[in-house]
file start-v4.cif (mmCIF, C-alpha atoms and all ligand atoms)
data_work
loop_
_atom_site.label_atom_id
_atom_site.label_comp_id
_atom_site.auth_asym_id
_atom_site.auth_seq_id
_atom_site.Cartn_x
_atom_site.Cartn_y
_atom_site.Cartn_z
CA MET A 1186 -0.08 49.17 14.31
CA GLY A 1187 3.30 49.43 12.58
CA THR A 1188 4.05 47.97 9.15
CA LYS A 1189 6.20 45.28 10.81
CA SER A 1190 3.46 43.95 13.04
CA LEU A 1191 1.02 44.10 10.15
CA CYS A 1192 3.41 41.98 8.04
CA LEU A 1193 3.87 39.58 10.93
CA LEU A 1194 0.13 39.25 11.38
CA LEU A 1195 -0.35 38.68 7.67
CA ALA A 1196 2.42 36.08 7.60
CA SER A 1197 0.91 34.22 10.58
CA VAL A 1198 -2.50 34.21 8.96
CA LEU A 1199 -0.99 32.81 5.76
CA VAL A 1200 0.91 30.10 7.64
CA ALA A 1201 -2.19 29.20 9.66
CA TYR A 1202 -4.22 29.07 6.45
CA TYR A 1203 -1.61 26.80 4.89
CA VAL A 1204 -1.30 24.46 7.86
CA TYR A 1205 -5.01 24.24 8.53
CA THR A 1206 -6.74 21.28 6.92
CA PRO A 1207 -10.08 19.96 8.03
CA ILE A 1208 -9.32 16.80 10.00
CA PRO A 1209 -12.17 14.36 10.58
CA GLU A 1210 -13.84 14.77 13.98
CA ASN A 1211 -12.95 11.36 15.35
CA ILE A 1212 -9.21 11.65 14.77
CA GLU A 1213 -6.89 12.13 17.74
CA GLU A 1214 -3.79 14.37 17.84
CA ARG A 1215 -5.41 16.66 15.27
CA TRP A 1216 -2.82 19.42 15.42
CA LYS A 1217 0.09 17.08 15.09
CA LEU A 1218 -1.54 15.44 12.10
CA MET A 1219 -2.23 18.86 10.61
CA LEU A 1220 1.45 19.78 10.91
CA ILE A 1221 2.53 16.45 9.41
CA ASN A 1222 0.10 16.93 6.56
CA ALA A 1223 1.36 20.48 5.97
CA GLY A 1224 4.82 18.90 5.63
CA PHE A 1225 3.49 16.43 3.04
CA ARG A 1226 1.76 19.22 1.14
CA THR A 1227 4.92 21.31 1.12
CA VAL A 1228 6.89 18.41 -0.35
CA ALA A 1229 4.17 17.96 -2.99
CA HIS A 1230 4.35 21.65 -3.90
CA VAL A 1231 8.15 21.57 -4.11
CA ALA A 1232 7.91 18.48 -6.32
CA GLU A 1233 5.36 20.14 -8.59
CA PHE A 1234 7.50 23.25 -8.87
CA ALA A 1235 10.70 21.29 -9.59
CA GLU A 1236 8.87 19.33 -12.26
CA TRP A 1237 7.37 22.48 -13.76
CA LEU A 1238 10.86 24.02 -13.99
CA GLY A 1239 12.01 20.86 -15.73
CA LEU A 1240 14.57 20.15 -13.01
CA MET A 1241 13.37 16.80 -11.75
CA HIS A 1242 10.59 14.28 -12.10
CA TYR A 1243 7.90 14.71 -9.42
CA MET A 1244 8.60 11.27 -7.97
CA GLU A 1245 12.34 11.92 -7.83
CA VAL A 1246 11.70 14.78 -5.42
CA LEU A 1247 9.45 12.56 -3.27
CA MET A 1248 12.09 9.83 -3.37
CA MET A 1249 14.79 12.26 -2.23
CA ILE A 1250 12.67 13.27 0.74
CA THR A 1251 11.81 9.72 1.77
CA SER A 1252 15.46 8.68 1.49
CA ILE A 1253 16.20 10.99 4.44
CA GLU A 1254 14.47 8.35 6.53
CA TYR A 1255 16.78 5.54 5.41
CA THR A 1256 18.64 3.66 8.11
CA ALA A 1257 21.56 1.27 7.89
CA PRO A 1258 20.95 -2.44 8.57
CA ILE A 1259 21.97 -2.38 12.24
CA SER A 1260 21.57 -5.49 14.33
CA ASP A 1261 20.29 -5.12 17.89
CA GLU A 1262 20.18 -7.38 20.94
CA ASN A 1263 17.15 -9.28 19.56
CA VAL A 1264 17.48 -9.31 15.80
CA THR A 1265 20.32 -9.70 13.28
CA VAL A 1266 19.71 -7.36 10.36
CA THR A 1267 21.45 -7.60 6.98
CA ASP A 1268 20.94 -6.29 3.47
CA THR A 1269 21.14 -9.18 1.08
CA LYS A 1270 19.90 -10.49 -2.27
CA PHE A 1271 17.74 -13.44 -3.14
CA ASN A 1272 18.00 -14.46 -6.77
CA ASN A 1273 19.41 -10.98 -7.52
CA VAL A 1274 16.53 -9.07 -5.90
CA PRO A 1275 17.65 -7.05 -2.86
CA ALA A 1276 15.95 -7.44 0.50
CA ARG A 1277 16.54 -6.56 4.13
CA LEU A 1278 16.62 -9.69 6.23
CA TYR A 1279 15.74 -9.88 9.94
CA ILE A 1280 16.72 -13.00 11.86
CA PRO A 1281 15.75 -13.32 15.53
CA ARG A 1282 18.67 -14.05 17.85
CA LYS A 1283 16.69 -15.92 20.46
CA GLN A 1284 17.71 -19.58 20.57
CA SER A 1285 14.70 -21.75 19.99
CA SER A 1286 14.19 -25.37 19.31
CA GLY A 1287 12.01 -26.07 16.35
CA LEU A 1288 11.25 -24.18 13.19
CA LYS A 1289 10.48 -20.47 12.95
CA ARG A 1290 7.68 -18.61 11.25
CA ALA A 1291 8.41 -16.25 8.33
CA VAL A 1292 6.88 -12.99 7.08
CA ILE A 1293 7.65 -11.61 3.63
CA TYR A 1294 6.95 -7.88 3.88
CA ILE A 1295 6.37 -5.52 0.94
CA HIS A 1296 6.60 -1.80 1.65
CA GLY A 1297 4.22 0.84 0.32
CA GLY A 1298 4.89 4.11 -1.52
CA GLY A 1299 2.74 4.00 -4.64
CA TRP A 1300 5.19 1.77 -6.60
CA CYS A 1301 7.30 4.95 -6.90
CA VAL A 1302 8.85 5.74 -3.53
CA GLY A 1303 9.77 4.19 -0.20
CA GLY A 1304 12.09 1.37 0.73
CA SER A 1305 12.66 -1.39 3.23
CA ALA A 1306 15.36 0.80 4.81
CA MET A 1307 12.92 3.58 5.69
CA GLU A 1308 12.83 3.96 9.45
CA PRO A 1309 9.15 3.05 9.97
CA TYR A 1310 9.45 -0.05 7.77
CA ASP A 1311 12.69 -1.07 9.41
CA LEU A 1312 11.08 -0.71 12.84
CA LEU A 1313 7.94 -2.60 11.85
CA SER A 1314 10.05 -5.51 10.59
CA ARG A 1315 12.11 -5.55 13.80
CA TRP A 1316 8.96 -5.59 15.91
CA THR A 1317 7.54 -8.42 13.82
CA ALA A 1318 10.73 -10.48 13.95
CA ASN A 1319 11.04 -9.93 17.70
CA LYS A 1320 7.43 -10.45 18.72
CA LEU A 1321 6.84 -13.53 16.55
CA ASN A 1322 10.38 -14.88 16.75
CA ALA A 1323 10.04 -14.98 12.97
CA VAL A 1324 12.34 -14.50 10.00
CA VAL A 1325 11.29 -11.31 8.17
CA ILE A 1326 12.24 -10.59 4.56
CA SER A 1327 11.53 -6.99 3.58
CA VAL A 1328 11.65 -6.79 -0.21
CA GLU A 1329 13.47 -4.00 -2.07
CA TYR A 1330 11.74 -3.99 -5.45
CA ARG A 1331 12.58 -1.53 -8.23
CA LEU A 1332 10.44 1.60 -8.52
CA ALA A 1333 8.78 3.93 -11.02
CA PRO A 1334 9.40 6.18 -12.90
CA MET A 1335 12.66 4.36 -13.69
CA TYR A 1336 10.85 1.03 -13.89
CA HIS A 1337 7.20 0.50 -14.72
CA PHE A 1338 4.81 -2.42 -14.32
CA PRO A 1339 5.41 -5.38 -14.33
CA VAL A 1340 8.94 -4.88 -12.92
CA GLN A 1341 7.70 -4.18 -9.36
CA PHE A 1342 5.45 -7.24 -9.45
CA GLU A 1343 8.15 -9.43 -10.96
CA ASP A 1344 10.79 -8.44 -8.41
CA VAL A 1345 8.48 -9.39 -5.57
CA TYR A 1346 7.36 -12.57 -7.31
CA THR A 1347 10.97 -13.62 -7.92
CA ILE A 1348 11.94 -13.22 -4.29
CA VAL A 1349 8.83 -14.96 -2.92
CA LYS A 1350 9.26 -17.88 -5.29
CA PHE A 1351 12.93 -18.18 -4.39
CA PHE A 1352 12.20 -18.14 -0.67
CA LEU A 1353 9.42 -20.73 -0.90
CA GLN A 1354 11.85 -23.43 -2.04
CA ASN A 1355 12.29 -26.18 0.53
CA SER A 1356 16.09 -25.94 0.41
CA VAL A 1357 15.95 -22.23 1.25
CA LEU A 1358 13.44 -22.71 4.06
CA VAL A 1359 15.65 -25.39 5.58
CA GLN A 1360 18.63 -23.05 5.43
CA TYR A 1361 16.76 -20.42 7.46
CA GLY A 1362 15.04 -22.91 9.76
CA VAL A 1363 11.57 -21.83 8.57
CA ASP A 1364 8.42 -23.91 8.96
CA PRO A 1365 6.94 -24.29 5.42
CA ASN A 1366 3.43 -24.33 6.92
CA ARG A 1367 3.74 -20.96 8.66
CA ILE A 1368 4.67 -18.34 6.06
CA CYS A 1369 2.86 -15.04 5.56
CA ILE A 1370 3.00 -12.39 2.85
CA SER A 1371 2.20 -8.88 4.07
CA GLY A 1372 2.22 -5.41 2.61
CA ASP A 1373 0.77 -1.95 3.07
CA SER A 1374 -0.77 0.26 0.40
CA ALA A 1375 1.11 -0.43 -2.88
CA GLY A 1376 2.84 -3.25 -0.97
CA GLY A 1377 -0.59 -4.71 -0.14
CA ASN A 1378 -1.35 -4.55 -3.84
CA LEU A 1379 1.82 -6.49 -4.67
CA ALA A 1380 1.19 -9.00 -1.88
CA ALA A 1381 -2.35 -9.72 -3.11
CA ALA A 1382 -1.20 -9.99 -6.73
CA VAL A 1383 1.66 -12.35 -5.87
CA ALA A 1384 -0.59 -14.54 -3.68
CA GLN A 1385 -3.01 -14.91 -6.62
CA GLN A 1386 -0.38 -15.69 -9.23
CA LEU A 1387 1.32 -18.28 -7.01
CA LEU A 1388 -1.85 -20.39 -7.14
CA ASP A 1389 -1.22 -21.14 -10.82
CA ASP A 1390 2.51 -21.75 -10.49
CA LEU A 1391 3.07 -25.48 -10.56
CA GLU A 1392 6.72 -25.08 -9.60
CA VAL A 1393 5.81 -23.70 -6.18
CA LYS A 1394 4.90 -26.49 -3.78
CA VAL A 1395 4.90 -24.56 -0.50
CA LYS A 1396 1.67 -22.69 0.24
CA LEU A 1397 1.32 -19.38 2.02
CA LYS A 1398 -0.57 -19.70 5.29
CA ILE A 1399 -1.71 -16.06 5.43
CA GLN A 1400 -1.84 -12.91 3.36
CA ALA A 1401 -2.09 -9.64 5.30
CA LEU A 1402 -3.24 -6.66 3.24
CA LEU A 1403 -2.90 -3.35 5.05
CA TYR A 1404 -4.94 -0.56 3.43
CA PRO A 1405 -4.14 -2.06 0.02
CA ALA A 1406 -4.71 -0.63 -3.48
CA LEU A 1407 -6.52 -3.35 -5.41
CA GLN A 1408 -8.11 -1.92 -8.50
CA THR A 1409 -7.52 0.56 -11.31
CA LEU A 1410 -10.94 0.62 -12.96
CA ASP A 1411 -13.06 2.88 -10.81
CA LEU A 1412 -11.22 5.85 -9.31
CA ASP A 1413 -14.51 7.46 -8.27
CA LEU A 1414 -15.60 4.99 -5.60
CA PRO A 1415 -17.40 6.45 -2.58
CA SER A 1416 -14.09 6.31 -0.68
CA TYR A 1417 -12.36 8.35 -3.40
CA LYS A 1418 -15.17 10.88 -3.26
CA ASP A 1419 -15.42 11.07 0.53
CA ASN A 1420 -11.67 11.33 1.07
CA GLU A 1421 -10.52 13.28 -1.94
CA ASN A 1422 -8.54 15.74 0.18
CA LYS A 1423 -7.88 13.88 3.40
CA PRO A 1424 -4.36 13.52 4.79
CA ILE A 1425 -1.97 12.04 3.68
CA LEU A 1426 -3.04 10.58 0.39
CA PRO A 1427 -5.25 12.94 -1.65
CA LYS A 1428 -6.98 11.48 -4.69
CA SER A 1429 -4.73 13.47 -7.05
CA LEU A 1430 -1.63 11.78 -5.62
CA MET A 1431 -3.20 8.32 -5.77
CA VAL A 1432 -4.10 8.90 -9.43
CA ARG A 1433 -0.54 10.01 -10.07
CA PHE A 1434 0.84 6.86 -8.36
CA TRP A 1435 -1.46 4.59 -10.34
CA SER A 1436 -0.68 6.14 -13.71
CA GLU A 1437 3.04 6.33 -12.96
CA TYR A 1438 3.05 2.60 -12.22
CA PHE A 1439 2.31 2.04 -15.91
CA THR A 1440 3.77 5.04 -17.70
CA THR A 1441 5.06 8.58 -17.37
CA ASP A 1442 2.83 9.56 -20.33
CA VAL A 1443 0.46 12.16 -18.82
CA SER A 1444 -2.43 11.14 -21.05
CA LEU A 1445 -3.07 8.13 -18.80
CA GLN A 1446 -2.91 10.31 -15.70
CA GLU A 1447 -5.39 12.77 -17.19
CA ALA A 1448 -7.79 10.03 -18.25
CA MET A 1449 -7.57 8.43 -14.78
CA ALA A 1450 -8.19 11.79 -13.11
CA SER A 1451 -11.53 12.03 -14.93
CA ASN A 1452 -12.17 8.31 -14.41
CA SER A 1453 -12.53 7.77 -18.15
CA HIS A 1454 -9.48 5.63 -18.86
CA VAL A 1455 -11.09 2.22 -19.32
CA PRO A 1456 -11.92 1.31 -22.93
CA ALA A 1457 -15.41 0.02 -23.75
CA GLU A 1458 -13.88 -3.33 -24.80
CA SER A 1459 -13.11 -3.90 -21.12
CA SER A 1460 -16.60 -3.11 -19.86
CA HIS A 1461 -17.02 -6.71 -18.67
CA LEU A 1462 -14.41 -6.03 -15.95
CA PHE A 1463 -16.59 -3.49 -14.16
CA ARG A 1464 -18.63 -6.19 -12.48
CA PHE A 1465 -15.52 -7.08 -10.42
CA VAL A 1466 -15.45 -3.61 -8.87
CA ASN A 1467 -19.16 -2.84 -8.74
CA TRP A 1468 -19.39 -1.01 -5.43
CA SER A 1469 -23.15 -0.93 -5.69
CA SER A 1470 -23.23 -4.65 -4.96
CA LEU A 1471 -19.89 -5.12 -3.16
CA LEU A 1472 -20.00 -2.41 -0.50
CA PRO A 1473 -22.05 -2.73 2.69
CA GLU A 1474 -24.74 -0.03 3.02
CA LYS A 1475 -22.88 2.00 5.64
CA PHE A 1476 -20.10 2.83 3.17
CA LYS A 1477 -22.41 3.69 0.28
CA LYS A 1478 -24.10 6.50 2.20
CA ASP A 1479 -25.96 8.67 -0.31
CA HIS A 1480 -23.66 7.97 -3.24
CA VAL A 1481 -25.44 6.94 -6.41
CA TYR A 1482 -23.98 4.26 -8.66
CA ALA A 1483 -23.43 5.60 -12.18
CA SER A 1484 -22.53 3.58 -15.24
CA PRO A 1485 -18.86 3.81 -16.24
CA ILE A 1486 -17.61 6.43 -18.69
CA TYR A 1487 -15.49 4.72 -21.32
CA GLY A 1488 -12.25 6.05 -22.70
CA SER A 1489 -10.33 5.53 -25.90
CA SER A 1490 -9.13 2.04 -26.76
CA ARG A 1491 -5.74 3.58 -27.57
CA LEU A 1492 -4.78 3.88 -23.88
CA GLY A 1493 -5.83 0.32 -23.10
CA LYS A 1494 -3.77 -1.00 -26.01
CA LYS A 1495 -0.74 1.12 -25.23
CA TYR A 1496 -0.71 0.43 -21.48
CA PRO A 1497 -2.46 -2.91 -21.01
CA GLY A 1498 -0.94 -3.14 -17.52
CA PHE A 1499 -3.75 -1.17 -15.91
CA LEU A 1500 -6.21 -3.88 -16.95
CA ASP A 1501 -3.95 -6.69 -15.75
CA PRO A 1502 -4.86 -8.51 -12.52
CA ARG A 1503 -1.17 -8.56 -11.56
CA ALA A 1504 -1.65 -4.80 -11.12
CA ALA A 1505 -5.30 -4.86 -10.07
CA PRO A 1506 -6.02 -8.06 -8.12
CA LEU A 1507 -9.78 -7.34 -7.93
CA LEU A 1508 -10.01 -7.90 -11.70
CA VAL A 1509 -9.96 -11.68 -11.54
CA ASP A 1510 -12.81 -14.09 -11.91
CA ASP A 1511 -14.13 -15.76 -8.73
CA THR A 1512 -12.52 -19.07 -9.72
CA LYS A 1513 -9.11 -17.39 -9.43
CA LEU A 1514 -9.81 -16.50 -5.79
CA LEU A 1515 -10.37 -20.08 -4.74
CA GLY A 1516 -7.38 -21.49 -2.91
CA LEU A 1517 -6.15 -18.18 -1.55
CA PRO A 1518 -4.79 -18.31 2.00
CA VAL A 1519 -6.55 -16.97 5.10
CA THR A 1520 -6.68 -13.22 4.55
CA TYR A 1521 -6.30 -10.32 6.96
CA VAL A 1522 -7.52 -7.00 5.55
CA LEU A 1523 -7.04 -3.72 7.38
CA THR A 1524 -8.93 -0.69 6.06
CA CYS A 1525 -9.06 2.92 7.23
CA GLN A 1526 -12.22 5.00 7.19
CA HIS A 1527 -10.59 8.21 5.95
CA ASP A 1528 -8.74 6.70 3.00
CA VAL A 1529 -9.33 6.84 -0.77
CA LEU A 1530 -8.35 3.15 -0.88
CA ARG A 1531 -10.85 2.09 1.79
CA ASP A 1532 -13.37 0.62 -0.67
CA ASP A 1533 -10.72 -1.36 -2.58
CA GLY A 1534 -10.05 -3.32 0.60
CA ILE A 1535 -13.72 -3.67 1.52
CA MET A 1536 -14.68 -4.92 -1.93
CA TYR A 1537 -11.94 -7.54 -1.79
CA VAL A 1538 -13.29 -8.67 1.59
CA SER A 1539 -16.75 -9.11 -0.01
CA ARG A 1540 -15.41 -10.96 -3.03
CA LEU A 1541 -13.25 -13.32 -0.97
CA ARG A 1542 -16.05 -14.07 1.50
CA GLU A 1543 -18.47 -14.79 -1.36
CA VAL A 1544 -16.24 -17.63 -2.55
CA GLY A 1545 -15.66 -18.94 0.97
CA ILE A 1546 -12.15 -17.69 1.76
CA GLU A 1547 -11.65 -17.02 5.48
CA VAL A 1548 -11.24 -13.26 5.90
CA ILE A 1549 -10.55 -11.22 9.01
CA HIS A 1550 -11.45 -7.60 8.40
CA ASP A 1551 -10.22 -4.88 10.74
CA HIS A 1552 -11.82 -1.58 9.82
CA ILE A 1553 -10.36 1.33 11.77
CA GLU A 1554 -12.91 4.13 12.08
CA ASP A 1555 -10.50 6.84 13.18
CA ALA A 1556 -7.62 6.07 10.81
CA ILE A 1557 -6.08 7.74 7.80
CA HIS A 1558 -4.17 6.11 4.96
CA GLY A 1559 -0.56 5.26 5.76
CA ALA A 1560 -1.10 5.06 9.53
CA LEU A 1561 1.82 2.63 9.89
CA MET A 1562 4.23 5.29 8.66
CA PHE A 1563 3.74 7.23 11.87
CA ILE A 1564 5.59 5.16 14.43
CA THR A 1565 8.89 7.04 14.59
CA SER A 1566 9.65 10.36 16.25
CA PRO A 1567 9.05 13.24 15.57
CA THR A 1568 6.16 12.17 13.33
CA ASP A 1569 4.80 9.39 15.50
CA LEU A 1570 1.10 9.19 16.26
CA ALA A 1571 -0.73 7.06 18.80
CA LEU A 1572 -2.75 5.83 15.81
CA GLY A 1573 0.39 4.45 14.12
CA HIS A 1574 1.34 2.46 17.21
CA ARG A 1575 -2.21 1.20 17.67
CA VAL A 1576 -2.47 -0.05 14.06
CA ALA A 1577 1.00 -1.65 14.16
CA ASN A 1578 0.17 -3.45 17.42
CA LYS A 1579 -3.17 -4.65 16.11
CA TYR A 1580 -1.60 -6.14 13.00
CA ILE A 1581 1.36 -7.74 14.76
CA GLU A 1582 -0.86 -9.16 17.55
CA TRP A 1583 -3.12 -10.70 14.95
CA LEU A 1584 -0.18 -12.22 13.11
CA ASN A 1585 1.28 -13.60 16.29
CA ILE A 1586 -1.93 -15.46 17.10
CA ASN A 1587 -2.77 -16.64 13.60
CA LEU A 1588 0.50 -17.36 11.80
C1 LIG A 1601 14.45 -6.76 22.73
O1 LIG A 1601 13.33 -7.51 23.20
C2 LIG A 1601 12.88 -7.15 24.49
C3 LIG A 1601 11.75 -8.11 24.85
O2 LIG A 1601 10.81 -8.19 23.83
C4 LIG A 1601 12.45 -5.71 24.49
O3 LIG A 1601 12.01 -5.32 25.77
C5 LIG A 1601 13.60 -4.82 24.03
O4 LIG A 1601 13.17 -3.48 23.93
C6 LIG A 1601 14.09 -5.29 22.68
N1 LIG A 1601 15.25 -4.52 22.24
C7 LIG A 1601 15.23 -3.75 21.15
C8 LIG A 1601 16.49 -3.02 20.82
O5 LIG A 1601 14.27 -3.65 20.41
C1 LIG A 1602 -23.70 -2.97 -10.67
O1 LIG A 1602 -24.68 -3.46 -9.77
C2 LIG A 1602 -25.98 -2.88 -9.91
C3 LIG A 1602 -26.91 -3.52 -8.89
O2 LIG A 1602 -26.37 -3.57 -7.63
C4 LIG A 1602 -26.50 -3.12 -11.33
O3 LIG A 1602 -27.72 -2.44 -11.48
C5 LIG A 1602 -25.48 -2.62 -12.35
O4 LIG A 1602 -25.91 -2.99 -13.65
C6 LIG A 1602 -24.11 -3.23 -12.11
N1 LIG A 1602 -23.16 -2.67 -13.04
C7 LIG A 1602 -22.15 -3.36 -13.57
C8 LIG A 1602 -21.29 -2.65 -14.55
O5 LIG A 1602 -21.91 -4.52 -13.27
#
call {"tool": "encode", "arguments": {"input": "start-v4.cif", "output": "structure tokens", "more": "lines below"}}
Ligand SMILES: *[C@@H]1O[C@H](CO)[C@@H](O)[C@H](O)[C@H]1NC(C)=O
Ligand SMILES: *[C@@H]1O[C@H](CO)[C@@H](O)[C@H](O)[C@H]1NC(C)=O
result
Amino acid sequence: MGTKSLCLLLASVLVAYYVYTPIPENIEERWKLMLINAGFRTVAHVAEFAEWLGLMHYMEVLMMITSIEYTAPISDENVTVTDTKFNNVPARLYIPRKQSSGLKRAVIYIHGGGWCVGGSAMEPYDLLSRWTANKLNAVVISVEYRLAPMYHFPVQFEDVYTIVKFFLQNSVLVQYGVDPNRICISGDSAGGNLAAAVAQQLLDDLEVKVKLKIQALLYPALQTLDLDLPSYKDNENKPILPKSLMVRFWSEYFTTDVSLQEAMASNSHVPAESSHLFRFVNWSSLLPEKFKKDHVYASPIYGSSRLGKKYPGFLDPRAAPLLVDDTKLLGLPVTYVLTCQHDVLRDDGIMYVSRLREVGIEVIHDHIEDAIHGALMFITSPTDLALGHRVANKYIEWLNINL
């Protein structure tokens, strides 16, 4: 064998080694997912390298890559699409063209991306909003909140809150022909986090008279306290959201100071003064047996009180909606929760289902056994997966029947 063919063989082995990731048995289109995941890993490595060289912040590299997927607000035969602002917060607005007598339904959608990346203009989000507007003949407002590392908590929360509160005014609903009794807030991942937080905080806002009919939380992030849940352990290196990236997203939501990231990575970031909060995320009592498997519940490891004082946001229910008392859950709207088996955030969603059901809130829980985190991102070519379409259809069908 010549040197050339030896080099070629070596290169192929290296590429194969790089692309190959163990994909759970029950997942379809394994090779396509492997290639997509190799793409994600490459971006992560480029971002790490650029950060190490001091050229760019890690999230800026991710943001640059996701912005390739941005699309202009183009109207089509069914939906009029415009970029606009409500009370100074930007949003992409989808208005169905179909003439209909009577009032329309409305969905306020909050995109994911770890509070750091993504946007309503990203192709999959744009498509999801079009499908929703078209299928439900509903007005869809896709919120463009500000992101980390430029802006930290509570800016993301406040941007979403501002827009929701503005939209829920009767005068605004009349202007858009929206039925005040048929409004939903939805979001995926970090967007599900913001949706859940906003829905909770609205309950205490006496200025808001219109109530949400539904909240739809799609593989949401709901707590900061325990980053060693069974789902974090079982899915530490699954596509497309490894634990290390989730920890980075969480810490970056509050600060760029790496000491919080390091403490979160070892799950020792919560100060002993906040020990009373652990009961709200106690997976030993909140997870059904099938998700506990052979994991053993261990008492929390406490961190320094310095971090908690410096970055109180990570103990704030506006960032971690599971950290509220049961009384704060009463009055929440009918809740749709979608969780994915192979997802570090799986148990966040499942624990919220348990907590809401315990206080009598109506919850519909769709647990997808063969799904990974971020499934809804994979609905546009060339990175579309049958899974993405299946999850999107499931969610939109449910909304259409229940909103
Ligand atoms: C418009 O709606 C019809 C009926 O739902 C659908 O078949 C068609 O593909 C839609 N057009 C676009 C551009 O989405
Ligand atoms: C969590 O629940 C288990 C029982 O299911 C209990 O033994 C443990 O003390 C609880 N821990 C906290 C911090 O609430």
call {"tool": "residues_near_ligand", "arguments": {"input": "start-v4.cif", "ligand": "ligand LIG 1602 (chain A)", "cutoff": "10 Å", "atoms": "all atoms listed in the file", "output": "list in words"}}
result
Ser1460, His1461, Leu1462, Phe1463, Arg1464, Phe1465, Val1466, Asn1467, Trp1468, Ser1469, Ser1470, Leu1471, Leu1472, Tyr1482, Ala1483, Ser1484 and Pro1485 of chain A
call {"tool": "write_last_selection", "arguments": {"input": "start-v4.cif", "atoms": "C-alpha atoms", "output": "tab-separated table (two decimals), in the coordinates of the input"}}
result
chain	number	residue	atom	x	y	z
A	1460	SER	CA	-16.60	-3.11	-19.86
A	1461	HIS	CA	-17.02	-6.71	-18.67
A	1462	LEU	CA	-14.41	-6.03	-15.95
A	1463	PHE	CA	-16.59	-3.49	-14.16
A	1464	ARG	CA	-18.63	-6.19	-12.48
A	1465	PHE	CA	-15.52	-7.08	-10.42
A	1466	VAL	CA	-15.45	-3.61	-8.87
A	1467	ASN	CA	-19.16	-2.84	-8.74
A	1468	TRP	CA	-19.39	-1.01	-5.43
A	1469	SER	CA	-23.15	-0.93	-5.69
A	1470	SER	CA	-23.23	-4.65	-4.96
A	1471	LEU	CA	-19.89	-5.12	-3.16
A	1472	LEU	CA	-20.00	-2.41	-0.50
A	1482	TYR	CA	-23.98	4.26	-8.66
A	1483	ALA	CA	-23.43	5.60	-12.18
A	1484	SER	CA	-22.53	3.58	-15.24
A	1485	PRO	CA	-18.86	3.81	-16.24
call {"tool": "residues_near_ligand", "arguments": {"input": "start-v4.cif", "ligand": "ligand LIG 1601 (chain A)", "cutoff": "7 Å", "atoms": "all atoms listed in the file", "output": "MDAnalysis selection string"}}
result
chainID A and resid 1261:1263 1319:1320
call {"tool": "atom_distance", "arguments": {"input": "start-v4.cif", "atom1": "atom CA of A:Lys1513", "atom2": "atom CA of A:Val1548"}}
result
16.0 Å
call {"tool": "residues_around", "arguments": {"input": "start-v4.cif", "residues": "A:Leu1387", "least_positions_apart": "2", "cutoff": "12 Å", "atoms": "all atoms listed in the file", "output": "ChimeraX atom specification"}}
result
/A:1343,1345-1347,1349-1351,1353,1370,1380-1385,1389-1397,1503,1513-1514,1516-1518
call {"tool": "residues_around", "arguments": {"input": "start-v4.cif", "residues": "A:Asp1442", "least_positions_apart": "5", "cutoff": "12 Å", "atoms": "all atoms listed in the file", "output": "ChimeraX atom specification"}}
result
/A:1334,1337,1433,1435-1437,1447-1449,1492,1495-1496
call {"tool": "write_last_selection", "arguments": {"input": "start-v4.cif", "atoms": "C-alpha atoms", "output": "compact mmCIF listing (two decimals), in the coordinates of the input"}}
result
# COMPACT_ATOMS: atom_id res chain seq x y z
CA PRO A 1334 9.40 6.18 -12.90
CA HIS A 1337 7.20 0.50 -14.72
CA ARG A 1433 -0.54 10.01 -10.07
CA TRP A 1435 -1.46 4.59 -10.34
CA SER A 1436 -0.68 6.14 -13.71
CA GLU A 1437 3.04 6.33 -12.96
CA GLU A 1447 -5.39 12.77 -17.19
CA ALA A 1448 -7.79 10.03 -18.25
CA MET A 1449 -7.57 8.43 -14.78
CA LEU A 1492 -4.78 3.88 -23.88
CA LYS A 1495 -0.74 1.12 -25.23
CA TYR A 1496 -0.71 0.43 -21.48
